[in-house]
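This is input_32.cif (mmCIF, C-alpha atoms and all ligand atoms).
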```cif
data_start
loop_
_atom_site.label_atom_id
_atom_site.label_comp_id
_atom_site.auth_asym_id
_atom_site.auth_seq_id
_atom_site.Cartn_x
_atom_site.Cartn_y
_atom_site.Cartn_z
CA MET S 160 0.00 0.00 0.00
CA ASN S 161 1.31 3.48 -0.85
CA LYS S 162 2.03 5.83 1.99
CA LEU S 163 -0.17 8.92 2.25
CA THR S 164 1.96 11.91 1.35
CA VAL S 165 -0.52 14.78 1.61
CA GLN S 166 -3.31 15.15 4.16
CA SER S 167 -5.90 17.87 3.67
CA LEU S 168 -7.60 17.20 7.03
CA GLN S 169 -6.13 16.29 10.41
CA TRP S 170 -8.12 15.67 13.58
CA THR S 171 -6.13 16.78 16.63
CA GLY S 172 -8.43 15.39 19.31
CA THR S 173 -10.02 18.75 20.00
CA ALA S 174 -9.92 20.58 16.66
CA LEU S 175 -9.86 20.05 12.90
CA LYS S 176 -6.76 21.15 11.03
CA VAL S 177 -7.51 22.11 7.43
CA LEU S 178 -4.78 22.56 4.84
CA ASP S 179 -5.69 25.87 3.19
CA GLN S 180 -5.83 24.79 -0.45
CA ARG S 181 -6.28 28.35 -1.66
CA GLN S 182 -2.65 29.07 -0.73
CA LEU S 183 -1.09 26.06 -2.46
CA PRO S 184 1.41 25.52 -3.93
CA ASP S 185 3.11 28.67 -2.62
CA ILE S 186 2.19 28.27 1.04
CA CYS S 187 1.48 25.01 2.85
CA ARG S 188 -0.45 26.14 5.93
CA TYR S 189 -3.00 24.45 8.18
CA ASP S 190 -5.78 26.43 9.85
CA GLU S 191 -7.28 25.03 13.03
CA TYR S 192 -11.05 25.01 13.57
CA SER S 193 -12.75 24.38 16.87
CA ASP S 194 -16.37 24.97 15.91
CA ALA S 195 -18.81 23.96 13.17
CA ALA S 196 -19.24 27.52 11.92
CA GLY S 197 -15.53 27.67 11.14
CA VAL S 198 -15.65 24.36 9.29
CA ALA S 199 -18.68 25.50 7.28
CA GLU S 200 -16.80 28.65 6.35
CA ALA S 201 -13.71 26.63 5.36
CA ILE S 202 -15.88 24.56 3.00
CA ALA S 203 -17.77 27.53 1.53
CA THR S 204 -14.57 29.45 0.86
CA MET S 205 -12.82 26.38 -0.59
CA ARG S 206 -10.03 26.14 1.95
CA VAL S 207 -11.11 22.51 1.87
CA ARG S 208 -12.64 21.25 -1.37
CA GLY S 209 -13.29 18.06 -3.28
CA ALA S 210 -16.45 16.05 -2.65
CA PRO S 211 -15.16 13.39 -0.21
CA ALA S 212 -13.01 15.88 1.73
CA ILE S 213 -16.02 18.18 2.13
CA GLY S 214 -18.05 15.30 3.59
CA ILE S 215 -15.29 14.31 6.00
CA ALA S 216 -14.72 17.91 7.14
CA ALA S 217 -18.45 18.33 7.76
CA ALA S 218 -18.55 15.14 9.84
CA TYR S 219 -15.78 16.50 12.08
CA GLY S 220 -17.71 19.79 12.13
CA VAL S 221 -20.62 17.96 13.77
CA VAL S 222 -18.23 16.50 16.34
CA LEU S 223 -16.96 20.00 17.12
CA SER S 224 -20.53 21.22 17.46
CA ALA S 225 -21.31 18.51 19.99
CA TYR S 226 -18.07 19.25 21.90
CA ARG S 227 -19.17 22.85 22.13
CA HIS S 228 -22.85 22.44 22.92
CA TYR S 229 -23.35 19.13 24.70
CA SER S 230 -24.07 19.37 28.35
CA ALA S 231 -25.40 16.68 30.64
CA THR S 232 -27.51 19.29 32.42
CA ALA S 233 -28.79 21.57 29.63
CA ASP S 234 -31.48 20.13 27.39
CA ASN S 235 -31.20 22.40 24.35
CA TRP S 236 -27.89 21.04 23.01
CA ARG S 237 -29.64 18.91 20.38
CA GLN S 238 -31.22 22.00 18.79
CA GLN S 239 -27.85 23.74 18.71
CA VAL S 240 -26.14 20.78 17.06
CA ALA S 241 -29.05 20.52 14.59
CA ALA S 242 -28.58 24.21 13.73
CA ASP S 243 -24.88 23.56 13.07
CA ILE S 244 -25.73 20.58 10.85
CA ASP S 245 -28.04 22.86 8.92
CA ARG S 246 -25.27 25.45 8.60
CA LEU S 247 -22.81 22.82 7.34
CA ALA S 248 -25.38 21.54 4.82
CA LYS S 249 -25.67 25.02 3.35
CA SER S 250 -21.91 25.38 2.75
CA ARG S 251 -21.89 23.96 -0.81
CA PRO S 252 -24.75 22.40 -2.80
CA THR S 253 -23.41 19.93 -5.35
CA ALA S 254 -21.22 17.31 -3.65
CA VAL S 255 -23.60 14.70 -2.27
CA ASN S 256 -20.87 13.38 0.03
CA LEU S 257 -21.57 16.39 2.25
CA PHE S 258 -25.19 15.36 2.76
CA THR S 259 -24.38 11.64 3.03
CA ALA S 260 -21.89 12.40 5.81
CA LEU S 261 -24.29 14.73 7.64
CA ASP S 262 -27.07 12.12 7.39
CA ARG S 263 -24.79 9.52 8.95
CA MET S 264 -23.86 11.89 11.78
CA SER S 265 -27.53 12.80 12.34
CA ALA S 266 -28.42 9.12 12.51
CA VAL S 267 -25.83 8.63 15.26
CA LEU S 268 -27.24 11.61 17.14
CA GLY S 269 -30.69 10.11 16.85
CA LEU S 270 -29.52 6.87 18.44
CA VAL S 271 -27.68 8.22 21.49
CA SER S 272 -29.70 9.06 24.55
CA ALA S 273 -26.92 10.67 26.61
CA ASP S 274 -23.37 11.88 25.93
CA PRO S 275 -22.94 11.74 22.11
CA LEU S 276 -19.25 12.63 21.91
CA VAL S 277 -17.65 9.19 21.67
CA ALA S 278 -20.20 7.89 19.13
CA LEU S 279 -20.00 11.01 16.94
CA LEU S 280 -16.22 11.00 16.85
CA ALA S 281 -16.21 7.28 16.02
CA CYS S 282 -18.59 7.94 13.13
CA ALA S 283 -16.53 10.83 11.74
CA GLU S 284 -13.35 8.80 11.99
CA LYS S 285 -15.04 5.90 10.24
CA ILE S 286 -16.24 8.15 7.40
CA HIS S 287 -12.64 9.35 7.06
CA ALA S 288 -11.07 5.86 7.22
CA ASP S 289 -13.68 4.32 4.88
CA ASP S 290 -12.91 6.97 2.29
CA ILE S 291 -9.20 6.22 2.32
CA ALA S 292 -9.89 2.48 2.07
CA ALA S 293 -12.30 3.04 -0.84
CA ASN S 294 -9.67 5.09 -2.64
CA TYR S 295 -7.06 2.34 -2.42
CA LYS S 296 -9.59 -0.19 -3.67
CA MET S 297 -10.64 2.04 -6.58
CA GLY S 298 -6.98 2.66 -7.37
CA GLU S 299 -6.48 -1.05 -8.04
CA LEU S 300 -9.78 -1.55 -9.89
CA GLY S 301 -9.22 1.48 -12.10
CA ALA S 302 -5.60 0.58 -12.83
CA ASP S 303 -6.80 -2.85 -14.02
CA LEU S 304 -8.57 -1.05 -16.89
CA LEU S 305 -5.46 0.85 -17.92
CA THR S 306 -3.23 -1.98 -19.08
CA GLY S 307 -1.21 -0.71 -22.03
CA ALA S 308 -2.31 2.91 -21.60
CA LYS S 309 0.43 5.42 -22.36
CA GLY S 310 -1.26 8.76 -21.76
CA ILE S 311 -3.91 9.95 -19.27
CA LEU S 312 -5.58 13.34 -19.05
CA THR S 313 -7.18 14.41 -15.77
CA HIS S 314 -9.20 17.43 -14.70
CA CYS S 315 -9.50 19.38 -11.46
CA ASN S 316 -7.90 17.87 -8.36
CA THR S 317 -9.12 14.48 -7.23
CA GLY S 318 -6.18 13.48 -5.09
CA ALA S 319 -5.37 13.28 -1.41
CA LEU S 320 -6.26 16.95 -1.12
CA ALA S 321 -9.82 16.31 -2.32
CA THR S 322 -10.41 13.18 -0.23
CA GLY S 323 -9.46 11.48 3.02
CA GLY S 324 -6.23 10.43 1.30
CA TYR S 325 -4.77 8.90 -1.88
CA GLY S 326 -7.54 10.18 -4.16
CA THR S 327 -10.21 8.96 -6.55
CA ALA S 328 -9.17 9.61 -10.17
CA LEU S 329 -5.72 10.59 -8.95
CA GLY S 330 -5.63 7.41 -6.85
CA VAL S 331 -6.19 5.37 -10.02
CA ILE S 332 -3.45 7.37 -11.72
CA ARG S 333 -1.10 6.76 -8.76
CA SER S 334 -1.82 3.02 -8.86
CA ALA S 335 -1.43 2.84 -12.64
CA TYR S 336 1.89 4.71 -12.49
CA GLN S 337 3.27 2.10 -10.12
CA ARG S 338 2.44 -0.66 -12.58
CA GLN S 339 3.57 0.82 -15.89
CA PRO S 340 5.10 3.93 -17.42
CA VAL S 341 2.25 6.29 -18.15
CA HIS S 342 2.32 9.99 -18.88
CA ILE S 343 -0.09 12.22 -16.99
CA TYR S 344 -1.54 15.40 -18.41
CA ALA S 345 -3.37 17.77 -16.06
CA ASP S 346 -5.83 20.43 -17.16
CA GLU S 347 -5.17 23.69 -15.38
CA THR S 348 -8.93 23.78 -14.51
CA ARG S 349 -10.19 27.32 -14.70
CA PRO S 350 -11.14 29.42 -12.90
CA TRP S 351 -9.81 28.03 -9.58
CA LEU S 352 -6.82 26.27 -11.15
CA GLN S 353 -7.15 23.09 -9.11
CA GLY S 354 -5.10 21.29 -11.77
CA ALA S 355 -2.35 23.89 -12.05
CA ARG S 356 -2.07 24.61 -8.32
CA LEU S 357 -2.99 21.29 -6.71
CA THR S 358 -2.81 18.25 -9.00
CA VAL S 359 0.63 18.74 -10.46
CA TRP S 360 1.91 19.77 -7.00
CA GLU S 361 0.44 16.66 -5.41
CA LEU S 362 1.92 14.39 -8.08
CA ALA S 363 5.30 16.06 -7.65
CA GLN S 364 5.15 15.33 -3.89
CA ASP S 365 5.04 11.65 -4.89
CA GLY S 366 7.83 12.03 -7.45
CA ILE S 367 5.38 11.51 -10.35
CA PRO S 368 6.09 13.70 -13.40
CA SER S 369 3.19 15.41 -15.16
CA THR S 370 2.49 17.86 -17.96
CA LEU S 371 0.18 20.80 -17.36
CA ILE S 372 -2.03 22.00 -20.22
CA ALA S 373 -4.41 24.91 -20.66
CA ASP S 374 -8.00 23.60 -20.60
CA SER S 375 -8.37 24.79 -24.16
CA ALA S 376 -5.49 22.54 -25.30
CA ALA S 377 -7.39 19.33 -24.51
CA ALA S 378 -8.88 18.81 -27.99
CA TRP S 379 -5.53 19.28 -29.66
CA LEU S 380 -3.87 16.93 -27.20
CA MET S 381 -6.45 14.23 -27.90
CA LYS S 382 -6.10 14.79 -31.62
CA SER S 383 -2.34 14.11 -31.29
CA GLY S 384 -3.13 10.55 -30.17
CA THR S 385 -1.06 10.69 -26.98
CA VAL S 386 -3.99 10.25 -24.60
CA ASP S 387 -5.79 6.89 -24.18
CA TRP S 388 -7.99 7.79 -21.22
CA VAL S 389 -9.53 10.82 -19.58
CA ILE S 390 -9.92 10.06 -15.86
CA VAL S 391 -11.97 12.31 -13.58
CA GLY S 392 -13.75 12.27 -10.23
CA ALA S 393 -17.35 13.18 -9.45
CA ASP S 394 -19.32 15.29 -7.01
CA ARG S 395 -22.64 13.53 -7.50
CA ILE S 396 -23.60 10.56 -9.65
CA ALA S 397 -27.27 9.95 -10.48
CA ALA S 398 -28.73 6.45 -10.49
CA ASN S 399 -28.45 6.32 -14.30
CA GLY S 400 -24.72 7.13 -14.23
CA ASP S 401 -24.94 10.82 -15.21
CA SER S 402 -22.05 12.40 -13.33
CA ALA S 403 -21.58 15.93 -12.04
CA ASN S 404 -18.00 17.09 -11.78
CA LYS S 405 -15.86 20.21 -12.13
CA ILE S 406 -16.92 22.54 -14.91
CA GLY S 407 -15.19 21.49 -18.10
CA THR S 408 -15.60 17.75 -17.50
CA TYR S 409 -18.53 17.54 -19.91
CA SER S 410 -16.50 19.19 -22.68
CA LEU S 411 -13.73 16.65 -22.10
CA ALA S 412 -16.22 13.78 -22.41
CA VAL S 413 -17.53 15.16 -25.70
CA LEU S 414 -13.97 15.59 -26.98
CA ALA S 415 -13.02 12.10 -25.82
CA ARG S 416 -15.91 10.57 -27.77
CA GLN S 417 -14.92 12.53 -30.89
CA HIS S 418 -11.32 11.31 -30.66
CA GLY S 419 -11.88 7.69 -29.62
CA VAL S 420 -10.44 8.32 -26.14
CA LYS S 421 -11.97 6.36 -23.25
CA PHE S 422 -13.56 8.23 -20.34
CA MET S 423 -13.43 7.00 -16.73
CA VAL S 424 -15.25 8.42 -13.69
CA VAL S 425 -13.81 7.34 -10.34
CA ALA S 426 -15.88 7.92 -7.21
CA PRO S 427 -16.77 6.11 -3.99
CA THR S 428 -20.37 4.99 -3.57
CA THR S 429 -20.81 7.88 -1.10
CA THR S 430 -20.83 10.06 -4.26
CA ILE S 431 -23.84 8.23 -5.73
CA ASP S 432 -27.16 9.94 -5.07
CA TRP S 433 -29.55 6.99 -5.10
CA THR S 434 -32.53 9.34 -4.77
CA ILE S 435 -32.20 10.89 -8.22
CA ASP S 436 -32.83 9.15 -11.53
CA SER S 437 -30.76 11.43 -13.76
CA GLY S 438 -28.30 14.28 -13.79
CA ALA S 439 -31.08 16.75 -14.57
CA GLN S 440 -31.91 16.67 -10.85
CA ILE S 441 -28.44 17.72 -9.69
CA ALA S 442 -28.12 21.23 -8.23
CA ILE S 443 -25.20 22.94 -9.95
CA GLU S 444 -23.36 25.45 -7.80
CA GLU S 445 -22.82 28.90 -9.27
CA ARG S 446 -20.14 30.87 -7.49
CA HIS S 447 -19.67 34.62 -7.32
CA GLN S 448 -18.88 36.34 -10.59
CA ASN S 449 -15.87 38.05 -9.05
CA GLU S 450 -14.05 34.69 -9.01
CA LEU S 451 -13.98 35.04 -12.80
CA LEU S 452 -14.12 38.74 -13.57
CA PRO S 453 -11.08 41.02 -13.81
CA ALA S 454 -11.28 43.47 -10.89
CA CYS S 455 -11.88 46.44 -13.18
CA TYR S 456 -15.39 45.03 -13.85
CA PHE S 457 -16.41 44.56 -10.18
CA GLY S 458 -18.40 47.81 -9.96
CA ALA S 459 -22.20 47.80 -9.85
CA ASP S 460 -22.30 49.98 -12.97
CA SER S 461 -20.05 47.62 -14.97
CA LEU S 462 -21.34 46.50 -18.37
CA VAL S 463 -19.45 43.22 -18.01
CA ARG S 464 -20.89 40.33 -15.98
CA ALA S 465 -19.64 36.78 -15.56
CA TRP S 466 -21.51 33.46 -15.41
CA ASN S 467 -19.67 31.10 -13.09
CA PRO S 468 -21.17 27.59 -12.84
CA VAL S 469 -18.53 25.45 -11.16
CA PHE S 470 -19.83 22.00 -12.10
CA ASP S 471 -21.40 20.38 -15.14
CA VAL S 472 -23.06 17.04 -15.77
CA THR S 473 -21.60 14.43 -18.12
CA PRO S 474 -24.30 12.14 -19.51
CA ALA S 475 -23.76 8.44 -18.79
CA GLU S 476 -23.65 7.64 -22.51
CA LEU S 477 -20.31 9.47 -22.77
CA ILE S 478 -18.77 7.50 -19.90
CA SER S 479 -16.82 4.29 -20.63
CA ALA S 480 -16.51 3.19 -16.99
CA ILE S 481 -17.52 4.25 -13.50
CA VAL S 482 -15.10 2.88 -10.92
CA THR S 483 -16.31 2.58 -7.32
CA GLU S 484 -14.98 0.65 -4.33
CA ARG S 485 -17.81 -1.84 -4.84
CA GLY S 486 -16.92 -2.56 -8.44
CA VAL S 487 -16.61 -1.22 -11.97
CA ILE S 488 -19.59 -0.40 -14.18
CA LEU S 489 -18.75 -0.45 -17.86
CA ASN S 490 -21.01 1.62 -20.16
CA PRO S 491 -23.05 2.79 -17.15
CA SER S 492 -26.81 2.44 -17.04
CA THR S 493 -29.41 2.53 -14.28
CA GLN S 494 -29.27 -1.24 -13.97
CA GLY S 495 -25.49 -1.21 -13.60
CA VAL S 496 -25.38 1.62 -11.08
CA ARG S 497 -28.28 0.19 -9.03
CA SER S 498 -26.44 -3.14 -8.83
CA LEU S 499 -23.98 -1.38 -6.49
CA GLN S 500 -26.66 -0.25 -4.04
O1 LIG S 601 -14.96 22.90 -6.59
P1 LIG S 601 -14.15 21.74 -6.13
O2 LIG S 601 -12.68 21.97 -6.22
O3 LIG S 601 -14.59 21.25 -4.77
O4 LIG S 601 -14.49 20.59 -7.17
C1 LIG S 601 -13.92 19.32 -6.98
C2 LIG S 601 -14.21 18.41 -8.10
O5 LIG S 601 -14.93 18.71 -9.01
C3 LIG S 601 -13.61 17.04 -8.00
O6 LIG S 601 -13.34 16.54 -9.27
C4 LIG S 601 -14.62 16.12 -7.30
O7 LIG S 601 -14.99 16.65 -6.07
C5 LIG S 601 -14.06 14.78 -7.09
S1 LIG S 601 -12.78 14.84 -5.89
C6 LIG S 601 -12.31 13.34 -5.44
#
```
Show the structure stored in the file as structure tokens.
Amino acid sequence: MNKLTVQSLQWTGTALKVLDQRQLPDICRYDEYSDAAGVAEAIATMRVRGAPAIGIAAAYGVVLSAYRHYSATADNWRQQVAADIDRLAKSRPTAVNLFTALDRMSAVLGLVSADPLVALLACAEKIHADDIAANYKMGELGADLLTGAKGILTHCNTGALATGGYGTALGVIRSAYQRQPVHIYADETRPWLQGARLTVWELAQDGIPSTLIADSAAAWLMKSGTVDWVIVGADRIAANGDSANKIGTYSLAVLARQHGVKFMVVAPTTTIDWTIDSGAQIAIEERHQNELLPACYFGADSLVRAWNPVFDVTPAELISAIVTERGVILNPSTQGVRSLQ
């Protein structure tokens, strides 16, 4: 098993340390949070990002809430923890892992009749540990599909930074790299530059070389014939296999189909939203226009506006394989995805 080189989240026993991903790769700094409001803010402002990491952070946020509010004598602590769960749920809308994790923590709260601290911490730590285990499993299953592959293109950051450790799509890439020489191309991933700032940095921490490309170079790269697979993560997968991921993923899937390149989505089953039949039901986060606009257009009287959706949905028919810790679905369909439930 590979060692974990980068950790985006560390539980200290009394606080959650969050690696501030907005500062990478220039500054590697952890912020320490001791309440749920701080964790919710860290998620909303993308200090911590990536679907599984968001879910894990939120779970520890519930633990922090209980540490703060639980009292054997006061009887209103449950309402205060519920309010914090609500606050955490509002931090970002698209990654279903956030809601899956909060549901699991709420279920634990519902079961305990007295001091909830031990049970809540055990649940958060299990969510964290299960995610790492799932990533290692997916790494092997995904790498099995890559025999003979010479070039892989990935998008956004799906590595240890975005998860409990090792990564989803980047975990598959790590596992494949150990088995065979394979060249990794990373999209810079506008506008937040998760590829340029995080993915190539993370790979370099492991001694894995990579080539960064502008998002707009992807078609030309595929046309050159040097890429066999596009491998990406997901923030929410519908029961029919439609997959929401970082904006730009859909364009890559269309380009991959045009150029005969295979397209793999790697995500733990905590990313599957069993309650929705198709990607049309996925809420797509739109972030503030100022994340995209040059500052000279920030004024209220500016004639220039920006549209900033940060996810898109790739239809299942453009996906060659969905890799989960419970197995691989080739040419995903509702029947295939439901077989994992
Ligand atoms: O906006 P972000 O950086 O949180 O978006 C992250 C992604 O889109 C990832 O590809 C996805 O969460 C999968 S991470 C294992």
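Each of S:Asp394, S:Asp290, S:Glu476, S:Glu200 was compared to ligand LIG 601 (chain S) using only C-alpha atoms and all ligand atoms, and S:Asp394 turns out to be the nearest.
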Excluding range 420-433 of chain S and residues on its chain fewer than 5 positions from it, collect all residues at most 7 Å away from it, counting all atoms listed in the file, and give them as number ranges by chain.
S: 255-256, 259, 293, 327-328, 386-398, 412, 415, 478-484
Okay, now the selection with C-alpha atoms, as a tab-separated table (two decimals), in the frame of the given file?
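Result saved to selection_13.tsv:
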```tsv
chain	number	residue	atom	x	y	z
S	255	VAL	CA	-23.60	14.70	-2.27
S	256	ASN	CA	-20.87	13.38	0.03
S	259	THR	CA	-24.38	11.64	3.03
S	293	ALA	CA	-12.30	3.04	-0.84
S	327	THR	CA	-10.21	8.96	-6.55
S	328	ALA	CA	-9.17	9.61	-10.17
S	386	VAL	CA	-3.99	10.25	-24.60
S	387	ASP	CA	-5.79	6.89	-24.18
S	388	TRP	CA	-7.99	7.79	-21.22
S	389	VAL	CA	-9.53	10.82	-19.58
S	390	ILE	CA	-9.92	10.06	-15.86
S	391	VAL	CA	-11.97	12.31	-13.58
S	392	GLY	CA	-13.75	12.27	-10.23
S	393	ALA	CA	-17.35	13.18	-9.45
S	394	ASP	CA	-19.32	15.29	-7.01
S	395	ARG	CA	-22.64	13.53	-7.50
S	396	ILE	CA	-23.60	10.56	-9.65
S	397	ALA	CA	-27.27	9.95	-10.48
S	398	ALA	CA	-28.73	6.45	-10.49
S	412	ALA	CA	-16.22	13.78	-22.41
S	415	ALA	CA	-13.02	12.10	-25.82
S	478	ILE	CA	-18.77	7.50	-19.90
S	479	SER	CA	-16.82	4.29	-20.63
S	480	ALA	CA	-16.51	3.19	-16.99
S	481	ILE	CA	-17.52	4.25	-13.50
S	482	VAL	CA	-15.10	2.88	-10.92
S	483	THR	CA	-16.31	2.58	-7.32
S	484	GLU	CA	-14.98	0.65	-4.33
```
Please, which residues have at least one atom within 6 Å of an atom of ligand LIG 601 (chain S), using only C-alpha atoms and all ligand atoms, listed as a PyMOL selection string?
chain S and resi 208-211+315-317+321-322+326-327+392-394+404-405
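For Ala363 in chain S, the set of protein, DNA and RNA residues having any atom at most 12 Å away, when counting only C-alpha atoms and skipping those fewer than 4 positions along the same chain, is Thr164, Val165, Pro184, Arg333, Ile343, Ala355, Arg356, Leu357, Thr358, Val359, Ile367, Pro368, Ser369, Thr370 and Leu371 of chain S.
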C-alpha atoms of the current selection, written as a CSV table (one decimal), in the frame of the given file:
```csv
chain,number,residue,atom,x,y,z
S,164,THR,CA,2.0,11.9,1.4
S,165,VAL,CA,-0.5,14.8,1.6
S,184,PRO,CA,1.4,25.5,-3.9
S,333,ARG,CA,-1.1,6.8,-8.8
S,343,ILE,CA,-0.1,12.2,-17.0
S,355,ALA,CA,-2.4,23.9,-12.0
S,356,ARG,CA,-2.1,24.6,-8.3
S,357,LEU,CA,-3.0,21.3,-6.7
S,358,THR,CA,-2.8,18.2,-9.0
S,359,VAL,CA,0.6,18.7,-10.5
S,367,ILE,CA,5.4,11.5,-10.4
S,368,PRO,CA,6.1,13.7,-13.4
S,369,SER,CA,3.2,15.4,-15.2
S,370,THR,CA,2.5,17.9,-18.0
S,371,LEU,CA,0.2,20.8,-17.4
```
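CA of Ile286 in chain S lies 7.8 Å from CA of Ala218 in chain S.
CA of Val177 in chain S is found 26.4 Å from CA of Asp274 in chain S.
Contact shell of Thr173 in chain S at 12 Å (only C-alpha atoms; same-chain neighbours under 4 positions omitted): Gln169, Glu191, Tyr192, Ser193, Asp194, Tyr219, Gly220, Val222, Leu223, Ser224, Ala225, Tyr226, Arg227, Leu276 and Leu280 of chain S.
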From the list S:Arg237, S:Lys382, S:Arg181, S:Arg263, the nearest residue to Ala203 in chain S using all atoms listed in the file is S:Arg181
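When CA of Val463 in chain S is paired with CA of Gly354 in chain S, their separation reads 26.9 Å.
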Enclose all atoms of range 312-329 of chain S listed in the file in an axis-aligned box, grow every side by 6 Å, and hand back centre and edge lengths in Å to one decimal, as lines of an AutoDock Vina configuration file.
```
center_x = -7.6
center_y = 14.1
center_z = -8.0
size_x = 17.6
size_y = 22.5
size_z = 34.1
```
